[in-house]
Number of protein chains: 2
Amino acid sequence: MKNKDTDYQRYRKSLSNCHLLENMDDLTFNSLISLFSEQTWPKNTCLVDENRFLCKFYIIISGRVKMYQLDETSSKEVTLFLLHKGDFMDLFCILDGLEHKVYYESLDEVKVLEVPMENLHDWFRKHPEYYKNLLFYAGKKLRTMENYISDIIFANISTRLVKLLLRNVNKDSKNLELINDLSHKEIAYLIGSTRAVVNRQIQKLKKSGSIHTSRENLQIIDLGILIEFLKKENKYE
Amino acid sequence: MKNKDTDYQRYRKSLSNCHLLENMDDLTFNSLISLFSEQTWPKNTCLVDENRFLCKFYIIISGRVKMYQLDETSSKEVTLFLLHKGDFMDLFCILDGLEHKVYYESLDEVKVLEVPMENLHDWFRKHPEYYKNLLFYAGKKLRTMENYISDIIFANISTRLVKLLLRNVNKDSKNLELINDLSHKEIAYLIGSTRAVVNRQIQKLKKSGSIHTSRENLQIIDLGILIEFLKKENKYE
DNA sequence: GATTTTGTGCTACTTAGGTAGTTTTCAGTA
DNA sequence: TACTGAAAACTACCTAAGTAGCACAAAATC
């Protein structure tokens with residue numbers, strides 16, 4: 001039992017940014033977290049089982065999972081969300097209980113907390129006030145999607161690329177995080193484009209002296225140039 | 001009091017498709033609906049007051065409201081949602097209580113139910129189990145947005161146009177609804193394109209014999225042709 | 001009923017970005 | 001240390017779709 005308790009404290013700490021668990025006293029937190037069990041998914045694994053997310057719910061503890069759509073005809077991809085610590089799967093299923101045709105793939109070794117959907121629903125029925133946390137999270141994701149749509153419609157690829165970079169710069173360290181070790185292909189899918197086009201833009205950014213790249217690695221060396229670029233395009237917020 | 005009761009019954013009926021009010025006994029329904037007051041907005045009016053939706057919440061009873069984003073630089077638009085009977089405003093604000101930079105415009109004379117946000121929150125605190133209804137609605141909208149994104153990335157304009165038409169065909173009457181009286185410009189904004197391009201595609205559809213148009217009016221005369229077209233593009237679901 | 005505004009149809013032009021293909025570089029591993 | 005496969009770099013090409021402009025018709029406004 002002592003062991004479990006320290007586990008819970010560990011989760012409490014590592015999931016401090018998790019909207020679902022916000023404003024929760026320790027007792028409630030423990031009652032919820034005791035329903036979960038920890039799992040590890042290996043790197044670069046697809047989670048293709050369509051119905052899995054109707055019966056199980058997951059919270060990511062560590063590692064990245066991309067949620068993406070695939071177009072069978074052209075075998076193109078779009079990454080809808082790059083999920084990480086504190087994110088859920090599948091948001092859509094937990095909200096409306098319907099099937100969600102979407103793909104998930106781990107980009108790192110991923111640790112998750114798993115709970116049978118039914119148990120989670122039971123818990124929520126007993127603690128309906130915590131639906132609010134789910135609402136808040138859904139709101140965040142809606143906003144992200146709305147921005148995605150306006151970006152695709154209003155902004156060209158170079159703008160979208162620069163915005164993606166700036167979004168993922170750590171405010172304190174000024175370093176690129178979360179997407180710094182992705183291939184050009186993965187970066188392309190994050191902004192709804194293709195490898196070749198993104199590479200073309202990356203070459204331009206390199207020549208401008210704003211970034212430095214090596215194999216599966218992208219670093220920002222002059223944030224100011226990127227910000228100036230967005231300002232020129234009137235896309236700087 | 002009698003008068004009020006008949007009002008409530010009228011709302012109950014006309015808002016039967018409203019997710020927020022689903023699975024609600026009459027007593028609860030009345031306790032909620034009594035917080036609202038009816039309002040009428042004239043046709044073609046912009047609701048620009050930025051903070052309005054932070055303090056007031058609206059349910060549409062009749063008429064259409066488009067929710068859209070505007071790019072100041074290019075003065076381009078995208079319509080994110082074409083809201084109508086049973087839809088809410090502003091979903092984003094009710095979910096996370098944050099400001100939402102978005103535009104609303106009435107396309108018809110619109111009747112809404114208005115409630116001060118604070119009162120609605122109070123009601124929800126007393127009836128937290130109805131957060132679930134909000135969750136369900138949010139899920140629906142997330143799905144719509146996800147589809148929007150994949151369509152923009154995977155499908156060309158003609159496909160997106162045909163999909164838009166088919167989505168808005170009444171299953172029973174086979175007639176185009178909700179978007180049948182829009183200008184080409186408004187149709188363009190619904191699929192993230194421009195007037196001229198949409199017009200080009202509409203001419204093609206007319207020549208194919210699938211649709212008939214007149215000023216601000218679009219009718220489908222051969223649904224089969226449109227469905228065949230999508231099948232050929234492998235975009236038919 | 002005259003004037004203005006708005007929607008539609010079309011033509012001609014431009015271009016960003018998608019596509020295809022080759023070469024080079026690099027990391028893992030046999 | 002050589003082999004292999006993936007990522008990256010670069011070139012050449014193509015086209016869907018955005019842009020600009022104009023003419024005409026239907027509505028709306030005066």
# chains A, B, ... in the order shown; residues from 1 in each chain; ligands from 1

call {"tool": "closest_atom_pairs", "arguments": {"of": "chain D", "to": "chain A", "cutoff": "10 Å", "atoms": "only C-alpha atoms (C1' of nucleotides)", "output": "tab-separated table"}}
result
residue	atom	partner	partner_atom	distance
D:DA7	C1'	A:Arg215	CA	6.8
D:DA8	C1'	A:Arg215	CA	7.4
D:DA9	C1'	A:Asn199	CA	8.0
D:DC10	C1'	A:Arg200	CA	9.0

call {"tool": "closest_atom_pairs", "arguments": {"of": "segment 161-180 of chain B", "to": "segment 139-154 of chain B", "cutoff": "12 Å", "atoms": "only C-alpha atoms", "output": "Markdown table"}}
result
| residue | atom | partner | partner_atom | distance |
| --- | --- | --- | --- | --- |
| B:Leu161 | CA | B:Asp151 | CA | 10.3 |
| B:Val162 | CA | B:Asp151 | CA | 11.5 |
| B:Lys163 | CA | B:Asp151 | CA | 9.2 |
| B:Leu164 | CA | B:Tyr148 | CA | 10.3 |
| B:Arg167 | CA | B:Thr144 | CA | 11.4 |

call {"tool": "interface_residues", "arguments": {"of": "chain B", "to": "chain A", "cutoff": "9 Å", "atoms": "only C-alpha atoms", "output": "number ranges by chain"}}
result
B: 69-74, 76-78, 80, 91-97, 100, 124-125, 127-143, 145-146, 148-150, 152-154, 192-193, 233-235

call {"tool": "write_last_selection", "arguments": {"atoms": "C-alpha atoms", "output": "short mmCIF file (atom, residue, chain, number, x, y, z; two decimals), in the first residue's frame"}}
result
data_model
loop_
_atom_site.label_atom_id
_atom_site.label_comp_id
_atom_site.auth_asym_id
_atom_site.auth_seq_id
_atom_site.Cartn_x
_atom_site.Cartn_y
_atom_site.Cartn_z
CA GLN B 69 -12.43 34.07 -38.96
CA LEU B 70 -11.10 37.09 -40.78
CA ASP B 71 -7.59 37.73 -42.02
CA GLU B 72 -7.06 41.46 -41.75
CA THR B 73 -4.09 41.54 -44.14
CA SER B 74 -5.81 39.88 -47.08
CA LYS B 76 -10.06 36.85 -46.59
CA GLU B 77 -12.65 34.92 -44.61
CA VAL B 78 -13.29 31.34 -43.51
CA LEU B 80 -15.91 27.84 -39.35
CA LEU B 91 -19.00 27.24 -27.25
CA PHE B 92 -15.36 28.12 -26.66
CA CYS B 93 -16.17 30.62 -23.90
CA ILE B 94 -18.55 28.30 -22.06
CA LEU B 95 -15.93 25.54 -22.12
CA ASP B 96 -12.92 27.38 -20.81
CA GLY B 97 -14.11 30.86 -19.90
CA HIS B 100 -12.49 33.93 -28.13
CA PHE B 124 -24.56 23.98 -13.99
CA ARG B 125 -23.01 23.95 -10.54
CA HIS B 127 -26.85 20.28 -12.08
CA PRO B 128 -23.31 19.12 -12.87
CA GLU B 129 -24.58 15.94 -14.53
CA TYR B 130 -25.69 18.09 -17.46
CA TYR B 131 -22.11 19.01 -18.21
CA LYS B 132 -22.31 15.76 -20.14
CA ASN B 133 -24.62 17.36 -22.66
CA LEU B 134 -22.10 20.10 -23.19
CA LEU B 135 -19.38 17.49 -23.63
CA PHE B 136 -21.40 15.71 -26.26
CA TYR B 137 -21.91 18.92 -28.20
CA ALA B 138 -18.22 19.79 -27.94
CA GLY B 139 -17.40 16.34 -29.30
CA LYS B 140 -19.63 16.91 -32.31
CA LYS B 141 -17.93 20.19 -33.06
CA LEU B 142 -14.47 18.70 -32.65
CA ARG B 143 -15.39 16.05 -35.19
CA MET B 145 -13.43 20.57 -37.28
CA GLU B 146 -11.31 17.49 -37.71
CA TYR B 148 -12.71 20.24 -42.09
CA ILE B 149 -8.96 19.95 -41.61
CA SER B 150 -8.62 16.62 -43.41
CA ILE B 152 -8.65 21.01 -46.74
CA ILE B 153 -5.47 18.96 -46.73
CA PHE B 154 -6.57 15.94 -48.75
CA GLY B 192 -11.92 27.71 -47.55
CA SER B 193 -11.71 29.08 -51.07
CA GLU B 233 -12.29 10.63 -56.33
CA ASN B 234 -12.49 8.00 -53.57
CA LYS B 235 -13.94 10.57 -51.23
#

call {"tool": "residues_around", "arguments": {"residues": "DT19 of chain D", "least_positions_apart": "2", "cutoff": "12 Å", "atoms": "only C-alpha atoms (C1' of nucleotides)", "output": "PyMOL selection string"}}
result
(chain B and resi 74+194-197) or (chain C and resi 12-15) or (chain D and resi 17+21)

call {"tool": "write_last_selection", "arguments": {"atoms": "C-alpha atoms (C1' of nucleotides)", "output": "PDB file, in the first residue's frame"}}
result
ATOM      1  CA  SER B  74      -5.809  39.884 -47.084  1.00  0.00           C
ATOM      2  CA  THR B 194     -12.624  32.158 -53.109  1.00  0.00           C
ATOM      3  CA  ARG B 195     -15.627  33.276 -55.115  1.00  0.00           C
ATOM      4  CA  ALA B 196     -14.009  32.964 -58.536  1.00  0.00           C
ATOM      5  CA  VAL B 197     -12.733  29.455 -57.964  1.00  0.00           C
TER       6      VAL B 197
ATOM      7  C1'  DA C  12      -6.409  35.829 -69.142  1.00  0.00           C
ATOM      8  C1'  DC C  13      -2.514  35.635 -66.083  1.00  0.00           C
ATOM      9  C1'  DT C  14       0.448  34.243 -62.127  1.00  0.00           C
ATOM     10  C1'  DT C  15       2.332  31.400 -58.796  1.00  0.00           C
TER      11       DT C  15
ATOM     12  C1'  DA D  17      -6.191  27.415 -57.565  1.00  0.00           C
ATOM     13  C1'  DG D  21     -10.410  42.649 -64.523  1.00  0.00           C
TER      14       DG D  21
END

call {"tool": "atom_distance", "arguments": {"atom1": "atom CA of Asn217 of chain B", "atom2": "atom CA of Asn156 of chain B"}}
result
23.2 Å

call {"tool": "residues_around", "arguments": {"residues": "DG28 of chain C", "least_positions_apart": "4", "cutoff": "12 Å", "atoms": "only C-alpha atoms (C1' of nucleotides)", "output": "PDB file with N, CA and C atoms (P, O5', C5', C4', C3', O3' and C1' of nucleotides), in the first residue's frame"}}
result
ATOM      1  P    DC D   3      31.024  -2.834 -49.855  1.00  0.00           P
ATOM      2  O5'  DC D   3      29.604  -3.001 -49.159  1.00  0.00           O
ATOM      3  C5'  DC D   3      29.364  -4.117 -48.301  1.00  0.00           C
ATOM      4  C4'  DC D   3      27.999  -3.951 -47.649  1.00  0.00           C
ATOM      5  C3'  DC D   3      26.921  -3.431 -48.604  1.00  0.00           C
ATOM      6  O3'  DC D   3      25.770  -4.271 -48.481  1.00  0.00           O
ATOM      7  C1'  DC D   3      27.016  -2.084 -46.657  1.00  0.00           C
ATOM      8  P    DT D   4      24.567  -4.107 -49.493  1.00  0.00           P
ATOM      9  O5'  DT D   4      23.535  -3.326 -48.555  1.00  0.00           O
ATOM     10  C5'  DT D   4      23.210  -3.846 -47.270  1.00  0.00           C
ATOM     11  C4'  DT D   4      22.284  -2.869 -46.570  1.00  0.00           C
ATOM     12  C3'  DT D   4      21.226  -2.260 -47.488  1.00  0.00           C
ATOM     13  O3'  DT D   4      19.949  -2.507 -46.928  1.00  0.00           O
ATOM     14  C1'  DT D   4      22.340  -0.565 -46.226  1.00  0.00           C
ATOM     15  P    DG D   5      18.641  -2.220 -47.786  1.00  0.00           P
ATOM     16  O5'  DG D   5      17.963  -1.064 -46.905  1.00  0.00           O
ATOM     17  C5'  DG D   5      18.056  -1.108 -45.483  1.00  0.00           C
ATOM     18  C4'  DG D   5      17.660   0.255 -44.952  1.00  0.00           C
ATOM     19  C3'  DG D   5      16.550   0.922 -45.756  1.00  0.00           C
ATOM     20  O3'  DG D   5      15.655   1.565 -44.851  1.00  0.00           O
ATOM     21  C1'  DG D   5      18.444   2.319 -45.730  1.00  0.00           C
ATOM     22  P    DA D   6      14.311   2.228 -45.378  1.00  0.00           P
ATOM     23  O5'  DA D   6      14.310   3.623 -44.608  1.00  0.00           O
ATOM     24  C5'  DA D   6      14.779   3.686 -43.273  1.00  0.00           C
ATOM     25  C4'  DA D   6      15.357   5.069 -43.029  1.00  0.00           C
ATOM     26  C3'  DA D   6      14.422   6.202 -43.469  1.00  0.00           C
ATOM     27  O3'  DA D   6      14.289   7.109 -42.393  1.00  0.00           O
ATOM     28  C1'  DA D   6      16.572   6.492 -44.407  1.00  0.00           C
TER      29       DA D   6
END

call {"tool": "atom_distance", "arguments": {"atom1": "atom CA of Leu178 of chain B", "atom2": "atom CA of Leu54 of chain B"}}
result
27.8 Å

call {"tool": "interface_residues", "arguments": {"of": "chain C", "to": "chain A", "cutoff": "9 Å", "atoms": "only C-alpha atoms (C1' of nucleotides)", "output": "PyMOL selection string"}}
result
chain C and resi 16-18+25-26

call {"tool": "write_last_selection", "arguments": {"atoms": "N, CA and C atoms (P, O5', C5', C4', C3', O3' and C1' of nucleotides)", "output": "compact mmCIF listing (two decimals), in the first residue's frame"}}
result
# COMPACT_ATOMS: atom_id res chain seq x y z
P DA C 16 4.84 32.65 -55.34
O5' DA C 16 4.29 31.88 -54.07
C5' DA C 16 2.92 32.01 -53.71
C4' DA C 16 2.30 30.65 -53.46
C3' DA C 16 3.13 29.75 -52.56
O3' DA C 16 2.21 29.09 -51.70
C1' DA C 16 2.79 28.67 -54.66
P DG C 17 2.72 28.26 -50.47
O5' DG C 17 2.57 26.78 -50.99
C5' DG C 17 1.33 26.36 -51.55
C4' DG C 17 1.54 25.10 -52.33
C3' DG C 17 2.45 24.07 -51.65
O3' DG C 17 1.94 22.80 -51.93
C1' DG C 17 3.20 24.44 -53.76
P DG C 18 1.71 21.75 -50.76
O5' DG C 18 1.47 20.42 -51.61
C5' DG C 18 0.40 20.38 -52.54
C4' DG C 18 0.86 19.71 -53.82
C3' DG C 18 1.54 18.34 -53.61
O3' DG C 18 0.85 17.38 -54.38
C1' DG C 18 2.80 19.70 -55.08
P DT C 25 28.09 14.90 -49.83
O5' DT C 25 27.33 14.51 -48.48
C5' DT C 25 26.30 15.37 -47.99
C4' DT C 25 25.60 14.66 -46.85
C3' DT C 25 26.55 14.09 -45.80
O3' DT C 25 26.23 14.70 -44.56
C1' DT C 25 24.88 12.52 -46.41
P DC C 26 27.19 14.57 -43.32
O5' DC C 26 26.44 13.46 -42.48
C5' DC C 26 25.03 13.60 -42.23
C4' DC C 26 24.49 12.29 -41.75
C3' DC C 26 25.36 11.59 -40.71
O3' DC C 26 24.60 11.43 -39.53
C1' DC C 26 24.59 10.07 -42.36

call {"tool": "residues_around", "arguments": {"residues": "DA20 of chain C", "least_positions_apart": "4", "cutoff": "12 Å", "atoms": "only C-alpha atoms (C1' of nucleotides)", "output": "PyMOL selection string"}}
result
(chain A and resi 196) or (chain D and resi 11-14)

call {"tool": "write_last_selection", "arguments": {"atoms": "C-alpha atoms (C1' of nucleotides)", "output": "PDB file, in the first residue's frame"}}
result
ATOM      1  CA  ALA A 196       9.894  18.432 -50.339  1.00  0.00           C
TER       2      ALA A 196
ATOM      3  C1'  DT D  11      16.742  20.303 -59.734  1.00  0.00           C
ATOM      4  C1'  DA D  12      13.212  20.463 -63.080  1.00  0.00           C
ATOM      5  C1'  DC D  13       8.503  20.379 -64.076  1.00  0.00           C
ATOM      6  C1'  DC D  14       3.382  20.839 -63.707  1.00  0.00           C
TER       7       DC D  14
END

call {"tool": "atom_distance", "arguments": {"atom1": "atom CA of Asp5 of chain B", "atom2": "atom CA of Leu32 of chain B"}}
result
12.9 Å

call {"tool": "select_by_dssp", "arguments": {"residues": "segment 10-219 of chain A", "states": "strand (DSSP E or B)", "output": "VMD selection string"}}
result
chain A and resid 37 to 41 46 to 47 56 to 62 65 to 71 76 to 83 88 to 89 103 to 106 110 to 116 169 176 211 to 214 217 to 219

call {"tool": "closest_residue", "arguments": {"among": "A:Thr159, A:Tyr104, A:Glu99, A:Ile61", "to": "Lys231 of chain A", "atoms": "only C-alpha atoms"}}
result
A:Thr159
